[in-house]
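As structure tokens, the structure follows; a few thoughts come after it.
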Amino acid sequence: MDSISSLGSLGLGEASPVGSSGLGGDSIDLYPPVGGNSDHVQTSPQLVHQSNRTAIYRFHDTGIKVSLDRSPSDEQLIRQLLHEQNVSNFLPESCRKRQVTDVTSFDRRPALSFKWVNGITLKEWLQKVQLRIQVDLDVRLRAAMAVAKTLSNFHEGGAVYNCLTPENIVLTPFEGEYVATLIDLSSALVFRDGKKIDVDADFEEELKGVDLRSLGLILNQIFRGEESTGGEEGAGPDSGCKDGHVET
């Protein structure tokens, strides 16, 4: 991987250091500049984000999520990571979610490996929006439509996301539009053909309603250019994902 030392704290941004949105004169430059020598050959995973609970590393096209929480046992952490893998495997390939490849270990801690997603989090996108004097409604609309489409694909694919926050959404420019990927799957719950796997029948519609209320808050932030808090760094039993997250 090229050096990304200049990216700083990304708030869980699964970010590529190259490119731009290509959406016209009022487009948002999605990518921070690359730092260091572009000929640098990466020989070990590089830390790109760290919070009190989670560290995210990148090694070429692979991401590694490591839990830093010492409270749960390794067995409990492995079960949590296996849940994320199961959700990822359950959803169809066309659904834009974190593609988990394995539950493994890193630095003697339970870890999750996944395919890296180029882009920046919606949280960072909102920060960039705030710095601009004017952003076309069309640009905001494209971002909003991308988020709504991905959440709809989750529901159609048989899952509720249950923790929709700007930190858990990665925006990527594609052919003049945005695509949105939902990355942290630790709170997601799945059901299949009316037979619930993680979700009791009485809770399915309630949980979909939680997702839709969270989507409403997200859309309000997109069009008003405001930020909120939450996301993967707080995911789990004591989650910082408080805007609509339902414990089950």
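Residue numbering restarts at 1 for every chain of the structure tokens, chains are lettered A, B, ... in their displayed order, and ligands are numbered from 1 as they appear.
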
Give me the residues within 7 Å of Leu47 (chain A) as a list of chain:residue names, counting only C-alpha atoms and dropping any in the same chain fewer than 4 places off.
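Near Leu47 (chain A), the qualifying residues are A:Ile56, A:Tyr57, A:Arg58.
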
Written file, previous selection with N, CA, C and O atoms, as a CSV table (one decimal), in the first residue's frame:
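Saved the output as out18.csv:
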chain,number,residue,atom,x,y,z
A,56,ILE,N,-8.1,-0.2,13.4
A,56,ILE,CA,-8.3,-0.7,12.0
A,56,ILE,C,-6.9,-0.5,11.3
A,56,ILE,O,-6.3,0.5,11.3
A,57,TYR,N,-6.4,-1.6,10.7
A,57,TYR,CA,-5.2,-1.6,9.9
A,57,TYR,C,-5.5,-1.9,8.5
A,57,TYR,O,-6.6,-2.5,8.1
A,58,ARG,N,-4.6,-1.5,7.6
A,58,ARG,CA,-4.7,-1.8,6.2
A,58,ARG,C,-3.4,-2.4,5.7
A,58,ARG,O,-2.3,-1.9,6.0

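Across the model, the gap from CA of Thr150 (chain A) to CA of Arg96 (chain A) is 6.2 Å.
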
With region 221-226 of chain A as the partner and 12 Å as the cut-off, tabulate the residues of region 57-172 of chain A that qualify, each row holding the nearest pair of atoms and their distance in Å to one decimal, using only C-alpha atoms, sorted by chain and rising number, as JSON lines.
{"residue": "A:Leu122", "atom": "CA", "partner": "A:Ile222", "partner_atom": "CA", "distance": 8.6}
{"residue": "A:Lys123", "atom": "CA", "partner": "A:Glu226", "partner_atom": "CA", "distance": 8.9}
{"residue": "A:Glu124", "atom": "CA", "partner": "A:Glu226", "partner_atom": "CA", "distance": 10.8}
{"residue": "A:Trp125", "atom": "CA", "partner": "A:Ile222", "partner_atom": "CA", "distance": 9.0}
{"residue": "A:Leu126", "atom": "CA", "partner": "A:Gly225", "partner_atom": "CA", "distance": 5.6}
{"residue": "A:Gln127", "atom": "CA", "partner": "A:Gly225", "partner_atom": "CA", "distance": 7.8}
{"residue": "A:Lys128", "atom": "CA", "partner": "A:Gly225", "partner_atom": "CA", "distance": 9.0}
{"residue": "A:Val129", "atom": "CA", "partner": "A:Gly225", "partner_atom": "CA", "distance": 6.1}
{"residue": "A:Gln130", "atom": "CA", "partner": "A:Gly225", "partner_atom": "CA", "distance": 5.9}
{"residue": "A:Leu131", "atom": "CA", "partner": "A:Gly225", "partner_atom": "CA", "distance": 9.6}
{"residue": "A:Arg132", "atom": "CA", "partner": "A:Gly225", "partner_atom": "CA", "distance": 10.0}
{"residue": "A:Ile133", "atom": "CA", "partner": "A:Gly225", "partner_atom": "CA", "distance": 11.2}
{"residue": "A:Gln134", "atom": "CA", "partner": "A:Gly225", "partner_atom": "CA", "distance": 10.5}
{"residue": "A:Val135", "atom": "CA", "partner": "A:Gly225", "partner_atom": "CA", "distance": 9.5}
{"residue": "A:Asp136", "atom": "CA", "partner": "A:Phe223", "partner_atom": "CA", "distance": 10.1}
{"residue": "A:Leu137", "atom": "CA", "partner": "A:Phe223", "partner_atom": "CA", "distance": 7.7}
{"residue": "A:Asp138", "atom": "CA", "partner": "A:Phe223", "partner_atom": "CA", "distance": 10.2}
{"residue": "A:Val139", "atom": "CA", "partner": "A:Phe223", "partner_atom": "CA", "distance": 9.6}
{"residue": "A:Arg140", "atom": "CA", "partner": "A:Phe223", "partner_atom": "CA", "distance": 6.1}
{"residue": "A:Leu141", "atom": "CA", "partner": "A:Phe223", "partner_atom": "CA", "distance": 7.8}
{"residue": "A:Arg142", "atom": "CA", "partner": "A:Ile222", "partner_atom": "CA", "distance": 10.1}
{"residue": "A:Ala143", "atom": "CA", "partner": "A:Ile222", "partner_atom": "CA", "distance": 7.6}
{"residue": "A:Ala144", "atom": "CA", "partner": "A:Ile222", "partner_atom": "CA", "distance": 6.7}
{"residue": "A:Met145", "atom": "CA", "partner": "A:Ile222", "partner_atom": "CA", "distance": 10.5}
{"residue": "A:Ala146", "atom": "CA", "partner": "A:Ile222", "partner_atom": "CA", "distance": 11.4}
{"residue": "A:Val147", "atom": "CA", "partner": "A:Ile222", "partner_atom": "CA", "distance": 10.1}
{"residue": "A:Ala148", "atom": "CA", "partner": "A:Ile222", "partner_atom": "CA", "distance": 11.7}
{"residue": "A:Thr165", "atom": "CA", "partner": "A:Gln221", "partner_atom": "CA", "distance": 10.4}
{"residue": "A:Pro166", "atom": "CA", "partner": "A:Gln221", "partner_atom": "CA", "distance": 9.0}
